[in-house]
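Data from structure-v8.pdb: PDB, C-alpha atoms and all ligand atoms
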ATOM      1  CA  MET A   1      -4.493 -24.462  11.566
ATOM      2  CA  ALA A   2      -5.119 -21.063  10.019
ATOM      3  CA  LYS A   3      -6.990 -20.348   6.821
ATOM      4  CA  ILE A   4      -4.588 -18.793   4.355
ATOM      5  CA  ILE A   5      -5.684 -15.460   2.902
ATOM      6  CA  ASP A   6      -4.855 -15.688  -0.793
ATOM      7  CA  GLY A   7      -3.644 -12.207  -1.751
ATOM      8  CA  LYS A   8      -2.822 -13.339  -5.287
ATOM      9  CA  ALA A   9      -6.397 -14.426  -6.000
ATOM     10  CA  ILE A  10      -7.966 -11.433  -4.232
ATOM     11  CA  SER A  11      -5.675  -8.975  -6.031
ATOM     12  CA  LEU A  12      -6.639 -10.565  -9.341
ATOM     13  CA  SER A  13     -10.355 -10.036  -8.581
ATOM     14  CA  VAL A  14      -9.643  -6.383  -7.753
ATOM     15  CA  LYS A  15      -7.682  -5.937 -10.995
ATOM     16  CA  ASP A  16     -10.441  -7.648 -12.989
ATOM     17  CA  GLU A  17     -13.003  -5.260 -11.478
ATOM     18  CA  VAL A  18     -10.773  -2.311 -12.392
ATOM     19  CA  LYS A  19     -10.384  -3.723 -15.920
ATOM     20  CA  SER A  20     -14.185  -3.828 -16.391
ATOM     21  CA  GLY A  21     -14.504  -0.301 -14.958
ATOM     22  CA  VAL A  22     -11.845   0.965 -17.365
ATOM     23  CA  GLU A  23     -13.601  -0.786 -20.300
ATOM     24  CA  GLU A  24     -16.903   0.858 -19.327
ATOM     25  CA  LEU A  25     -15.246   4.284 -19.295
ATOM     26  CA  LYS A  26     -13.616   3.582 -22.671
ATOM     27  CA  LYS A  27     -17.103   3.022 -24.126
ATOM     28  CA  GLN A  28     -17.929   6.562 -22.958
ATOM     29  CA  GLY A  29     -14.751   7.850 -24.624
ATOM     30  CA  ILE A  30     -12.889   8.305 -21.317
ATOM     31  CA  GLU A  31      -9.365   6.975 -20.986
ATOM     32  CA  VAL A  32      -7.711   6.237 -17.628
ATOM     33  CA  SER A  33      -4.014   7.091 -17.489
ATOM     34  CA  LEU A  34      -1.178   6.979 -14.992
ATOM     35  CA  ALA A  35       2.120   8.864 -15.224
ATOM     36  CA  VAL A  36       4.958   7.005 -13.504
ATOM     37  CA  ILE A  37       8.158   8.878 -12.713
ATOM     38  CA  LEU A  38      11.370   7.016 -11.904
ATOM     39  CA  VAL A  39      14.508   8.968 -11.014
ATOM     40  CA  GLY A  40      17.858   7.139 -11.058
ATOM     41  CA  ASN A  41      18.886   3.508 -11.491
ATOM     42  CA  ASP A  42      17.860   1.771  -8.263
ATOM     43  CA  PRO A  43      17.275  -1.841  -9.446
ATOM     44  CA  ALA A  44      14.467  -2.573  -6.943
ATOM     45  CA  SER A  45      12.628   0.619  -7.945
ATOM     46  CA  GLY A  46      13.025  -0.410 -11.601
ATOM     47  CA  VAL A  47      11.331  -3.750 -10.836
ATOM     48  CA  TYR A  48       8.459  -2.032  -8.948
ATOM     49  CA  VAL A  49       7.908   0.444 -11.798
ATOM     50  CA  ASN A  50       7.855  -2.386 -14.341
ATOM     51  CA  ASN A  51       5.300  -4.299 -12.279
ATOM     52  CA  LYS A  52       3.127  -1.175 -12.122
ATOM     53  CA  LYS A  53       3.349  -0.768 -15.904
ATOM     54  CA  LYS A  54       2.402  -4.428 -16.395
ATOM     55  CA  ALA A  55      -0.604  -4.023 -14.092
ATOM     56  CA  CYS A  56      -1.687  -0.924 -16.052
ATOM     57  CA  GLU A  57      -1.463  -2.928 -19.265
ATOM     58  CA  TYR A  58      -3.574  -5.720 -17.732
ATOM     59  CA  CYS A  59      -6.257  -3.273 -16.599
ATOM     60  CA  GLY A  60      -6.289  -1.257 -19.846
ATOM     61  CA  ILE A  61      -4.859   1.836 -18.134
ATOM     62  CA  ARG A  62      -2.550   3.939 -20.317
ATOM     63  CA  SER A  63       0.801   4.352 -18.572
ATOM     64  CA  LEU A  64       3.130   7.211 -19.367
ATOM     65  CA  SER A  65       6.667   6.506 -18.294
ATOM     66  CA  TYR A  66       9.219   9.147 -17.292
ATOM     67  CA  GLU A  67      12.652   7.699 -16.566
ATOM     68  CA  LEU A  68      14.966  10.471 -15.431
ATOM     69  CA  PRO A  69      18.739  10.262 -14.806
ATOM     70  CA  GLU A  70      20.184   9.980 -11.271
ATOM     71  CA  ASP A  71      21.501  13.570 -11.392
ATOM     72  CA  THR A  72      18.081  15.108 -12.142
ATOM     73  CA  SER A  73      17.630  18.279 -10.088
ATOM     74  CA  GLU A  74      14.702  18.748  -7.733
ATOM     75  CA  GLU A  75      13.718  21.772  -9.800
ATOM     76  CA  LYS A  76      13.470  19.718 -13.026
ATOM     77  CA  LEU A  77      11.414  17.063 -11.266
ATOM     78  CA  LEU A  78       9.069  19.697  -9.834
ATOM     79  CA  GLU A  79       8.687  21.219 -13.327
ATOM     80  CA  LEU A  80       7.662  17.820 -14.736
ATOM     81  CA  ILE A  81       5.127  17.297 -11.918
ATOM     82  CA  ASP A  82       3.739  20.757 -12.537
ATOM     83  CA  GLU A  83       3.303  19.964 -16.238
ATOM     84  CA  LEU A  84       1.584  16.628 -15.467
ATOM     85  CA  ASN A  85      -0.674  18.302 -12.866
ATOM     86  CA  GLY A  86      -1.956  20.580 -15.625
ATOM     87  CA  ARG A  87      -2.548  17.889 -18.261
ATOM     88  CA  ASP A  88      -6.143  16.786 -18.784
ATOM     89  CA  ASP A  89      -5.013  13.482 -20.284
ATOM     90  CA  VAL A  90      -3.205  12.447 -17.057
ATOM     91  CA  ASN A  91      -5.408  11.159 -14.210
ATOM     92  CA  GLY A  92      -2.811   9.832 -11.806
ATOM     93  CA  ILE A  93       0.797  10.731 -11.014
ATOM     94  CA  LEU A  94       3.168   8.455  -9.155
ATOM     95  CA  VAL A  95       6.768   9.198  -8.165
ATOM     96  CA  GLN A  96       8.640   6.011  -7.332
ATOM     97  CA  LEU A  97      10.416   6.210  -3.957
ATOM     98  CA  PRO A  98      13.104   6.404  -2.744
ATOM     99  CA  LEU A  99      14.393   9.444  -4.625
ATOM    100  CA  PRO A 100      18.146  10.051  -4.971
ATOM    101  CA  SER A 101      19.722  11.953  -2.075
ATOM    102  CA  GLY A 102      19.647  15.669  -2.703
ATOM    103  CA  ILE A 103      15.987  15.621  -3.709
ATOM    104  CA  ASN A 104      13.572  16.476  -0.926
ATOM    105  CA  GLU A 105      10.925  13.720  -0.993
ATOM    106  CA  ASP A 106       8.357  15.685   0.988
ATOM    107  CA  ARG A 107       8.592  18.681  -1.351
ATOM    108  CA  VAL A 108       8.158  16.399  -4.371
ATOM    109  CA  LEU A 109       5.192  14.462  -2.961
ATOM    110  CA  ASP A 110       3.519  17.680  -1.813
ATOM    111  CA  ALA A 111       3.845  19.073  -5.361
ATOM    112  CA  ILE A 112       1.618  16.342  -6.836
ATOM    113  CA  SER A 113      -1.952  17.587  -7.153
ATOM    114  CA  PRO A 114      -4.054  15.911  -4.410
ATOM    115  CA  LEU A 115      -6.541  15.127  -7.210
ATOM    116  CA  LYS A 116      -3.907  13.026  -9.020
ATOM    117  CA  ASP A 117      -2.155  11.582  -5.943
ATOM    118  CA  VAL A 118      -2.950   7.905  -6.593
ATOM    119  CA  ASP A 119      -0.426   6.809  -3.933
ATOM    120  CA  GLY A 120      -2.447   8.673  -1.295
ATOM    121  CA  PHE A 121       0.660  10.268   0.265
ATOM    122  CA  HIS A 122      -0.306  13.953  -0.106
ATOM    123  CA  PRO A 123      -1.109  15.692   3.222
ATOM    124  CA  VAL A 124      -4.540  16.668   1.832
ATOM    125  CA  ASN A 125      -5.430  13.013   1.223
ATOM    126  CA  VAL A 126      -3.949  11.938   4.560
ATOM    127  CA  GLY A 127      -6.093  14.622   6.208
ATOM    128  CA  LYS A 128      -9.203  13.518   4.325
ATOM    129  CA  LEU A 129      -8.686   9.951   5.500
ATOM    130  CA  SER A 130      -8.401  11.079   9.109
ATOM    131  CA  ILE A 131     -11.672  13.034   8.984
ATOM    132  CA  GLY A 132     -13.529  10.399   6.969
ATOM    133  CA  LYS A 133     -13.778  12.311   3.666
ATOM    134  CA  LYS A 134     -13.326  10.682   0.277
ATOM    135  CA  GLY A 135      -9.817  10.919  -1.142
ATOM    136  CA  PHE A 136      -6.982   8.674  -2.235
ATOM    137  CA  VAL A 137      -5.894   6.130   0.383
ATOM    138  CA  SER A 138      -2.391   4.675   0.664
ATOM    139  CA  CYS A 139      -2.437   1.441  -1.363
ATOM    140  CA  THR A 140      -0.936  -1.093   1.064
ATOM    141  CA  PRO A 141      -3.297  -0.441   4.011
ATOM    142  CA  ALA A 142      -6.238  -0.122   1.600
ATOM    143  CA  GLY A 143      -5.231  -3.565   0.299
ATOM    144  CA  VAL A 144      -5.249  -5.009   3.823
ATOM    145  CA  ILE A 145      -8.845  -3.840   4.315
ATOM    146  CA  GLN A 146      -9.820  -5.553   1.057
ATOM    147  CA  LEU A 147      -8.096  -8.783   2.155
ATOM    148  CA  LEU A 148     -10.093  -8.745   5.403
ATOM    149  CA  LYS A 149     -13.438  -7.852   3.814
ATOM    150  CA  ARG A 150     -13.149 -10.257   0.911
ATOM    151  CA  SER A 151     -12.216 -13.078   3.309
ATOM    152  CA  GLY A 152     -15.436 -12.418   5.236
ATOM    153  CA  ILE A 153     -13.601 -11.172   8.339
ATOM    154  CA  GLU A 154     -15.657  -8.770  10.450
ATOM    155  CA  ILE A 155     -13.724  -5.674  11.595
ATOM    156  CA  SER A 156     -16.497  -3.821  13.423
ATOM    157  CA  GLY A 157     -16.173  -4.123  17.198
ATOM    158  CA  LYS A 158     -12.942  -6.121  16.998
ATOM    159  CA  GLU A 159      -9.738  -5.380  18.913
ATOM    160  CA  CYS A 160      -7.349  -4.350  16.141
ATOM    161  CA  VAL A 161      -3.658  -3.894  16.878
ATOM    162  CA  VAL A 162      -1.248  -2.401  14.337
ATOM    163  CA  ILE A 163       2.489  -2.764  14.929
ATOM    164  CA  GLY A 164       4.171   0.177  13.168
ATOM    165  CA  ARG A 165       3.287   3.851  12.792
ATOM    166  CA  SER A 166       4.857   4.796   9.443
ATOM    167  CA  ASN A 167       3.078   7.366   7.300
ATOM    168  CA  ILE A 168       2.575   4.940   4.426
ATOM    169  CA  VAL A 169       1.467   1.827   6.324
ATOM    170  CA  GLY A 170       0.911   1.979  10.096
ATOM    171  CA  LYS A 171      -0.918   5.304  10.489
ATOM    172  CA  PRO A 172      -3.281   4.998   7.493
ATOM    173  CA  MET A 173      -3.879   1.357   8.497
ATOM    174  CA  ALA A 174      -5.036   2.479  11.921
ATOM    175  CA  MET A 175      -7.315   5.140  10.380
ATOM    176  CA  LEU A 176      -8.892   2.624   8.005
ATOM    177  CA  LEU A 177      -9.537   0.069  10.757
ATOM    178  CA  LEU A 178     -11.089   2.839  12.837
ATOM    179  CA  LYS A 179     -13.283   3.814   9.878
ATOM    180  CA  GLU A 180     -14.459   0.176   9.799
ATOM    181  CA  ASN A 181     -15.386   0.503  13.481
ATOM    182  CA  GLY A 182     -12.517  -1.540  14.894
ATOM    183  CA  THR A 183     -11.133  -0.663  18.329
ATOM    184  CA  VAL A 184      -7.639   0.276  17.307
ATOM    185  CA  THR A 185      -4.295   0.333  19.141
ATOM    186  CA  VAL A 186      -1.076   1.374  17.406
ATOM    187  CA  CYS A 187       2.251   0.020  18.700
ATOM    188  CA  HIS A 188       5.753   1.290  17.920
ATOM    189  CA  SER A 189       9.331   1.000  19.113
ATOM    190  CA  ARG A 190       8.540   2.794  22.403
ATOM    191  CA  THR A 191       5.567   0.584  23.284
ATOM    192  CA  ALA A 192       6.334  -0.581  26.813
ATOM    193  CA  ASP A 193       5.013  -4.156  26.717
ATOM    194  CA  LEU A 194       4.402  -5.099  23.099
ATOM    195  CA  LYS A 195       3.291  -8.679  23.736
ATOM    196  CA  GLU A 196       0.764  -7.620  26.351
ATOM    197  CA  VAL A 197      -0.897  -5.392  23.712
ATOM    198  CA  THR A 198      -0.623  -7.704  20.701
ATOM    199  CA  LYS A 199      -2.064 -10.658  22.670
ATOM    200  CA  ARG A 200      -5.309  -8.688  22.995
ATOM    201  CA  ALA A 201      -5.708  -8.441  19.223
ATOM    202  CA  ASP A 202      -8.498 -10.143  17.314
ATOM    203  CA  ILE A 203      -6.892  -8.667  14.198
ATOM    204  CA  LEU A 204      -3.127  -8.100  14.298
ATOM    205  CA  VAL A 205      -1.499  -6.134  11.467
ATOM    206  CA  VAL A 206       2.281  -6.322  11.501
ATOM    207  CA  ALA A 207       4.290  -3.599   9.714
ATOM    208  CA  ILE A 208       7.453  -3.463  11.784
ATOM    209  CA  GLY A 209      10.080  -3.954   9.064
ATOM    210  CA  LYS A 210      11.918  -6.749  10.941
ATOM    211  CA  PRO A 211      12.081 -10.257   9.464
ATOM    212  CA  LYS A 212      10.085 -12.932  11.367
ATOM    213  CA  PHE A 213       9.836 -10.648  14.433
ATOM    214  CA  VAL A 214       6.352 -11.730  15.519
ATOM    215  CA  ASP A 215       6.124 -15.334  16.682
ATOM    216  CA  ASP A 216       3.312 -17.236  18.428
ATOM    217  CA  SER A 217       4.145 -15.613  21.795
ATOM    218  CA  TYR A 218       2.692 -12.313  20.418
ATOM    219  CA  VAL A 219      -0.536 -13.821  19.124
ATOM    220  CA  LYS A 220      -3.825 -14.696  20.807
ATOM    221  CA  ASP A 221      -5.333 -18.073  19.856
ATOM    222  CA  GLY A 222      -7.671 -17.623  16.903
ATOM    223  CA  ALA A 223      -6.430 -14.134  15.931
ATOM    224  CA  VAL A 224      -6.338 -12.932  12.336
ATOM    225  CA  VAL A 225      -2.725 -12.094  11.440
ATOM    226  CA  ILE A 226      -1.863  -9.801   8.536
ATOM    227  CA  ASP A 227       1.820  -9.595   7.631
ATOM    228  CA  VAL A 228       2.767  -6.443   5.718
ATOM    229  CA  GLY A 229       6.520  -7.051   5.906
ATOM    230  CA  ILE A 230       8.619  -8.232   3.028
ATOM    231  CA  HIS A 231      12.280  -9.238   3.251
ATOM    232  CA  ARG A 232      14.717 -11.151   1.055
ATOM    233  CA  GLN A 233      16.489 -13.813   3.187
ATOM    234  CA  ASP A 234      20.078 -14.983   2.713
ATOM    235  CA  ASN A 235      18.748 -18.126   0.985
ATOM    236  CA  GLY A 236      17.049 -15.885  -1.612
ATOM    237  CA  LYS A 237      13.525 -16.661  -0.351
ATOM    238  CA  LEU A 238      11.104 -13.968   0.781
ATOM    239  CA  CYS A 239       9.740 -13.744   4.317
ATOM    240  CA  GLY A 240       7.565 -11.322   6.249
ATOM    241  CA  ASP A 241       7.634  -9.602   9.632
ATOM    242  CA  VAL A 242       5.782 -12.633  11.037
ATOM    243  CA  ASP A 243       7.354 -16.011  11.750
ATOM    244  CA  TYR A 244       4.817 -17.867   9.608
ATOM    245  CA  GLU A 245       5.684 -21.413  10.757
ATOM    246  CA  LYS A 246       5.192 -20.494  14.426
ATOM    247  CA  VAL A 247       2.128 -18.268  14.044
ATOM    248  CA  GLU A 248       0.119 -20.234  11.483
ATOM    249  CA  PRO A 249      -0.877 -23.008  13.968
ATOM    250  CA  VAL A 250      -2.390 -20.518  16.462
ATOM    251  CA  ALA A 251      -4.018 -18.006  14.074
ATOM    252  CA  SER A 252      -7.494 -18.351  12.543
ATOM    253  CA  TYR A 253      -6.451 -16.555   9.342
ATOM    254  CA  ILE A 254      -3.003 -15.553   8.118
ATOM    255  CA  THR A 255      -1.453 -13.887   5.068
ATOM    256  CA  PRO A 256       1.578 -15.637   3.549
ATOM    257  CA  VAL A 257       4.701 -13.870   2.241
ATOM    258  CA  PRO A 258       4.886 -13.828  -0.711
ATOM    259  CA  GLY A 259       1.310 -13.931  -1.971
ATOM    260  CA  GLY A 260      -0.446 -12.026   0.828
ATOM    261  CA  VAL A 261      -0.410  -8.247   1.205
ATOM    262  CA  GLY A 262       2.256  -7.690  -1.499
ATOM    263  CA  PRO A 263       0.079  -8.211  -4.609
ATOM    264  CA  MET A 264      -2.688  -6.060  -3.098
ATOM    265  CA  THR A 265      -0.574  -2.899  -3.160
ATOM    266  CA  ILE A 266      -0.434  -2.721  -6.967
ATOM    267  CA  ALA A 267      -4.065  -3.863  -7.292
ATOM    268  CA  MET A 268      -5.163  -0.957  -5.071
ATOM    269  CA  LEU A 269      -2.995   1.414  -7.088
ATOM    270  CA  MET A 270      -4.960   0.340 -10.157
ATOM    271  CA  HIS A 271      -8.174   0.848  -8.194
ATOM    272  CA  ASN A 272      -7.047   4.378  -7.254
ATOM    273  CA  CYS A 273      -6.248   5.136 -10.921
ATOM    274  CA  LEU A 274      -9.813   4.203 -11.887
ATOM    275  CA  ASP A 275     -11.140   6.256  -8.980
ATOM    276  CA  SER A 276      -9.083   9.242 -10.125
ATOM    277  CA  VAL A 277     -11.423   9.705 -13.074
ATOM    278  CA  ASN A 278     -14.328  10.368 -10.683
ATOM    279  CA  ILE A 279     -12.193  12.439  -8.334
ATOM    280  CA  ASN A 280     -11.021  14.603 -11.262
ATOM    281  CA  ALA A 281     -14.487  14.846 -12.821
TER
HETATM  282  P1  LIG B 301       9.070   1.647   8.763
HETATM  283  O1  LIG B 301       8.846   3.009   8.205
HETATM  284  O2  LIG B 301      10.459   1.169   9.015
HETATM  285  O3  LIG B 301       8.248   1.554  10.127
HETATM  286  C1  LIG B 301       8.419   0.507  11.022
HETATM  287  C2  LIG B 301       7.587   0.759  12.243
HETATM  288  O4  LIG B 301       7.787  -0.329  13.143
HETATM  289  C3  LIG B 301       7.947   2.053  12.999
HETATM  290  O5  LIG B 301       6.787   2.753  13.350
HETATM  291  C4  LIG B 301       8.694   1.554  14.222
HETATM  292  O6  LIG B 301       8.484   2.336  15.399
HETATM  293  C5  LIG B 301       8.062   0.195  14.458
HETATM  294  N1  LIG B 301       8.999  -0.679  15.158
HETATM  295  C6  LIG B 301      10.288  -0.935  14.855
HETATM  296  N2  LIG B 301      10.821  -1.780  15.773
HETATM  297  C7  LIG B 301       9.856  -2.046  16.673
HETATM  298  C8  LIG B 301       9.790  -2.832  17.846
HETATM  299  N3  LIG B 301      10.838  -3.539  18.277
HETATM  300  N4  LIG B 301       8.615  -2.885  18.512
HETATM  301  C9  LIG B 301       7.536  -2.198  18.100
HETATM  302  N5  LIG B 301       7.533  -1.423  16.980
HETATM  303  C10 LIG B 301       8.684  -1.354  16.276
HETATM  304  O7  LIG B 301       8.393   0.526   7.856
HETATM  305  P2  LIG B 301       7.133   0.593   6.837
HETATM  306  O8  LIG B 301       7.493   1.398   5.650
HETATM  307  O9  LIG B 301       5.888   0.886   7.587
HETATM  308  O10 LIG B 301       7.128  -0.930   6.386
HETATM  309  C11 LIG B 301       6.937  -1.998   7.281
HETATM  310  C12 LIG B 301       7.168  -3.304   6.576
HETATM  311  O11 LIG B 301       6.233  -3.422   5.511
HETATM  312  C13 LIG B 301       8.545  -3.435   5.923
HETATM  313  O12 LIG B 301       8.942  -4.780   6.033
HETATM  314  C14 LIG B 301       8.286  -3.061   4.484
HETATM  315  O13 LIG B 301       9.212  -3.686   3.596
HETATM  316  C15 LIG B 301       6.915  -3.613   4.279
HETATM  317  N6  LIG B 301       6.112  -2.949   3.231
HETATM  318  C16 LIG B 301       5.463  -3.773   2.379
HETATM  319  C17 LIG B 301       4.641  -3.236   1.413
HETATM  320  C18 LIG B 301       3.909  -4.159   0.495
HETATM  321  O14 LIG B 301       3.499  -3.759  -0.569
HETATM  322  N7  LIG B 301       3.700  -5.396   0.916
HETATM  323  C19 LIG B 301       4.480  -1.861   1.303
HETATM  324  C20 LIG B 301       5.151  -1.029   2.216
HETATM  325  C21 LIG B 301       5.958  -1.609   3.192
HETATM  326  P3  LIG B 301       8.995   3.859  15.557
HETATM  327  O15 LIG B 301       8.022   4.696  14.764
HETATM  328  O16 LIG B 301       8.931   4.118  17.002
HETATM  329  O17 LIG B 301      10.372   3.905  14.974
END
Here is a file; write its structure as structure tokens.
Amino acid sequence: MAKIIDGKAISLSVKDEVKSGVEELKKQGIEVSLAVILVGNDPASGVYVNNKKKACEYCGIRSLSYELPEDTSEEKLLELIDELNGRDDVNGILVQLPLPSGINEDRVLDAISPLKDVDGFHPVNVGKLSIGKKGFVSCTPAGVIQLLKRSGIEISGKECVVIGRSNIVGKPMAMLLLKENGTVTVCHSRTADLKEVTKRADILVVAIGKPKFVDDSYVKDGAVVIDVGIHRQDNGKLCGDVDYEKVEPVASYITPVPGGVGPMTIAMLMHNCLDSVNINA
């Protein structure tokens, strides 16, 4: 039976640490602030933005909210980003994705100053991560590293396999595991024999975007299994990319869905907001 990695509890410790850091800065007259931009009426994006605002409130971070109509032009959005880039009272800027069709996401994300890019998506920050320089790191993979470290799981020297090579999860995840001295393999849809690779993993991170894809036949006995996936099932319940019931008996540690990686993403966003004060200093 696997030990369950409690992402809710770990994310709360991270947020509490951020809260104390923010309080310390307040004593020195420094305020931490995050500008959140939402374009359009996508209900899921609305929920995510609200959760981010709530987390800011919890941590004492001032959040500035920009809710723009669906028909906002790319030009208008770029103008707003430009204004926020230049404001001394704004430390972090976040544009909620996806953006309405007709707006080029890459152009928008590239317009955010790398010094205020708390999501860690800007090519400058991605580059810094790959050459081991300090910069903002994508929140979800950064959260996975915290889950491992705070559960006492050694990464150094371990066979780490990541399923998925997206820019926001798989690739930065691989870079971070490498930075922690793991021996890292990245799998994707063209991987010839997925099971043969995943069965070698001491630490298996699954970010494939397919509900319950990974069952016990992909997992070595005693492996640590981190499930990044999140899906709403027909019965209304959430599930991950891992078939929890089948994998839990063979793993040594496992993250549940919900309550595993999910809560860490916002906690690491708060952490990046606090960090932005130093990065901007
Ligand atoms: P994505 O962009 O769809 O990437 C999925 C990756 O899985 C791709 O690299 C793809 O390979 C690979 N893949 C697909 N089918 C495969 C197969 N049969 N065998 C091997 N590899 C396969 O997804 P993402 O944005 O990285 O997200 C992954 C999951 O994490 C989703 O469930 C998403 O909802 C969730 N997520 C959760 C959080 C959170 O806060 N918890 C944050 C972000 C994402 P190719 O590159 O070859 O196409």
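Near ligand LIG 301 (chain B), at a distance of at most 6 Å and with all atoms listed in the file counted, sit the residues Thr140, Ile163, Gly164, Arg165, Ser166, Val169, Gly170, Cys187, His188, Ser189, Arg190, Ala207, Ile208, Gly209, Val228, Gly229, Ile230, Val261, Gly262 and Thr265 of chain A.
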Dump C-alpha atoms for the selected residues as an mmCIF file, keeping the file's coordinate frame?
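After the write, part.cif holds the following:
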data_model
loop_
_atom_site.group_PDB
_atom_site.id
_atom_site.type_symbol
_atom_site.label_atom_id
_atom_site.label_comp_id
_atom_site.auth_asym_id
_atom_site.auth_seq_id
_atom_site.Cartn_x
_atom_site.Cartn_y
_atom_site.Cartn_z
ATOM 1 C CA THR A 140 -0.936 -1.093 1.064
ATOM 2 C CA ILE A 163 2.489 -2.764 14.929
ATOM 3 C CA GLY A 164 4.171 0.177 13.168
ATOM 4 C CA ARG A 165 3.287 3.851 12.792
ATOM 5 C CA SER A 166 4.857 4.796 9.443
ATOM 6 C CA VAL A 169 1.467 1.827 6.324
ATOM 7 C CA GLY A 170 0.911 1.979 10.096
ATOM 8 C CA CYS A 187 2.251 0.020 18.700
ATOM 9 C CA HIS A 188 5.753 1.290 17.920
ATOM 10 C CA SER A 189 9.331 1.000 19.113
ATOM 11 C CA ARG A 190 8.540 2.794 22.403
ATOM 12 C CA ALA A 207 4.290 -3.599 9.714
ATOM 13 C CA ILE A 208 7.453 -3.463 11.784
ATOM 14 C CA GLY A 209 10.080 -3.954 9.064
ATOM 15 C CA VAL A 228 2.767 -6.443 5.718
ATOM 16 C CA GLY A 229 6.520 -7.051 5.906
ATOM 17 C CA ILE A 230 8.619 -8.232 3.028
ATOM 18 C CA VAL A 261 -0.410 -8.247 1.205
ATOM 19 C CA GLY A 262 2.256 -7.690 -1.499
ATOM 20 C CA THR A 265 -0.574 -2.899 -3.160
#
Expected residue set, 10 Å radius at (-7.9, -5.2, -13.9), only C-alpha atoms, as a tab-separated table (two decimals) with C-alpha atoms, in the frame of the given file:
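Once everything was written out, this is selection06.tsv:
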chain	number	residue	atom	x	y	z
A	11	SER	CA	-5.68	-8.98	-6.03
A	12	LEU	CA	-6.64	-10.56	-9.34
A	13	SER	CA	-10.36	-10.04	-8.58
A	14	VAL	CA	-9.64	-6.38	-7.75
A	15	LYS	CA	-7.68	-5.94	-11.00
A	16	ASP	CA	-10.44	-7.65	-12.99
A	17	GLU	CA	-13.00	-5.26	-11.48
A	18	VAL	CA	-10.77	-2.31	-12.39
A	19	LYS	CA	-10.38	-3.72	-15.92
A	20	SER	CA	-14.18	-3.83	-16.39
A	21	GLY	CA	-14.50	-0.30	-14.96
A	22	VAL	CA	-11.84	0.96	-17.36
A	23	GLU	CA	-13.60	-0.79	-20.30
A	55	ALA	CA	-0.60	-4.02	-14.09
A	56	CYS	CA	-1.69	-0.92	-16.05
A	57	GLU	CA	-1.46	-2.93	-19.26
A	58	TYR	CA	-3.57	-5.72	-17.73
A	59	CYS	CA	-6.26	-3.27	-16.60
A	60	GLY	CA	-6.29	-1.26	-19.85
A	61	ILE	CA	-4.86	1.84	-18.13
A	267	ALA	CA	-4.07	-3.86	-7.29
A	270	MET	CA	-4.96	0.34	-10.16
A	271	HIS	CA	-8.17	0.85	-8.19
A	274	LEU	CA	-9.81	4.20	-11.89
TODO: Could you tell me which residues the PyMOL selection byres (((chain A and resi 238) around 12) and not hetatm) grabs in this file, written as a PyMOL selection string?
DONE: chain A and resi 211-212+229-237+239-244+256-260+262
Task: Distance query Ser156 (chain A) at most 8 Å, all atoms listed in the file, self and fewer than 5 positions along chain excluded, as number ranges by chain - done: A: 180-183
- [ ] Might you spell out which residues the PyMOL selection byres (((chain A and resi 68) around 9) and not hetatm) would select in the displayed file, as a ChimeraX atom specification?
- [x] /A:37-41,66-67,69-72,77
Would you output that residue set with C-alpha atoms, as a PDB file, keeping the file's coordinate frame?
ATOM      1  CA  ILE A  37       8.158   8.878 -12.713  1.00  0.00           C
ATOM      2  CA  LEU A  38      11.370   7.016 -11.904  1.00  0.00           C
ATOM      3  CA  VAL A  39      14.508   8.968 -11.014  1.00  0.00           C
ATOM      4  CA  GLY A  40      17.858   7.139 -11.058  1.00  0.00           C
ATOM      5  CA  ASN A  41      18.886   3.508 -11.491  1.00  0.00           C
ATOM      6  CA  TYR A  66       9.219   9.147 -17.292  1.00  0.00           C
ATOM      7  CA  GLU A  67      12.652   7.699 -16.566  1.00  0.00           C
ATOM      8  CA  PRO A  69      18.739  10.262 -14.806  1.00  0.00           C
ATOM      9  CA  GLU A  70      20.184   9.980 -11.271  1.00  0.00           C
ATOM     10  CA  ASP A  71      21.501  13.570 -11.392  1.00  0.00           C
ATOM     11  CA  THR A  72      18.081  15.108 -12.142  1.00  0.00           C
ATOM     12  CA  LEU A  77      11.414  17.063 -11.266  1.00  0.00           C
TER      13      LEU A  77
END
- [ ] Starting from the displayed file, determine the output of the PyMOL selection byres (((chain A and resi 141) around 9) and not hetatm) and express the residue list as a ChimeraX atom specification.
- [x] /A:137-140,142-146,168-174,176,228,261,265
Can those selected residues be exported to a file as a short mmCIF file (atom, residue, chain, number, x, y, z; two decimals), in the coordinates of the input so that it contains C-alpha atoms?
data_model
loop_
_atom_site.label_atom_id
_atom_site.label_comp_id
_atom_site.auth_asym_id
_atom_site.auth_seq_id
_atom_site.Cartn_x
_atom_site.Cartn_y
_atom_site.Cartn_z
CA VAL A 137 -5.89 6.13 0.38
CA SER A 138 -2.39 4.68 0.66
CA CYS A 139 -2.44 1.44 -1.36
CA THR A 140 -0.94 -1.09 1.06
CA ALA A 142 -6.24 -0.12 1.60
CA GLY A 143 -5.23 -3.56 0.30
CA VAL A 144 -5.25 -5.01 3.82
CA ILE A 145 -8.85 -3.84 4.32
CA GLN A 146 -9.82 -5.55 1.06
CA ILE A 168 2.58 4.94 4.43
CA VAL A 169 1.47 1.83 6.32
CA GLY A 170 0.91 1.98 10.10
CA LYS A 171 -0.92 5.30 10.49
CA PRO A 172 -3.28 5.00 7.49
CA MET A 173 -3.88 1.36 8.50
CA ALA A 174 -5.04 2.48 11.92
CA LEU A 176 -8.89 2.62 8.01
CA VAL A 228 2.77 -6.44 5.72
CA VAL A 261 -0.41 -8.25 1.20
CA THR A 265 -0.57 -2.90 -3.16
#
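You will find CA of Lys134 (chain A) at 23.7 Å from CA of Pro263 (chain A).
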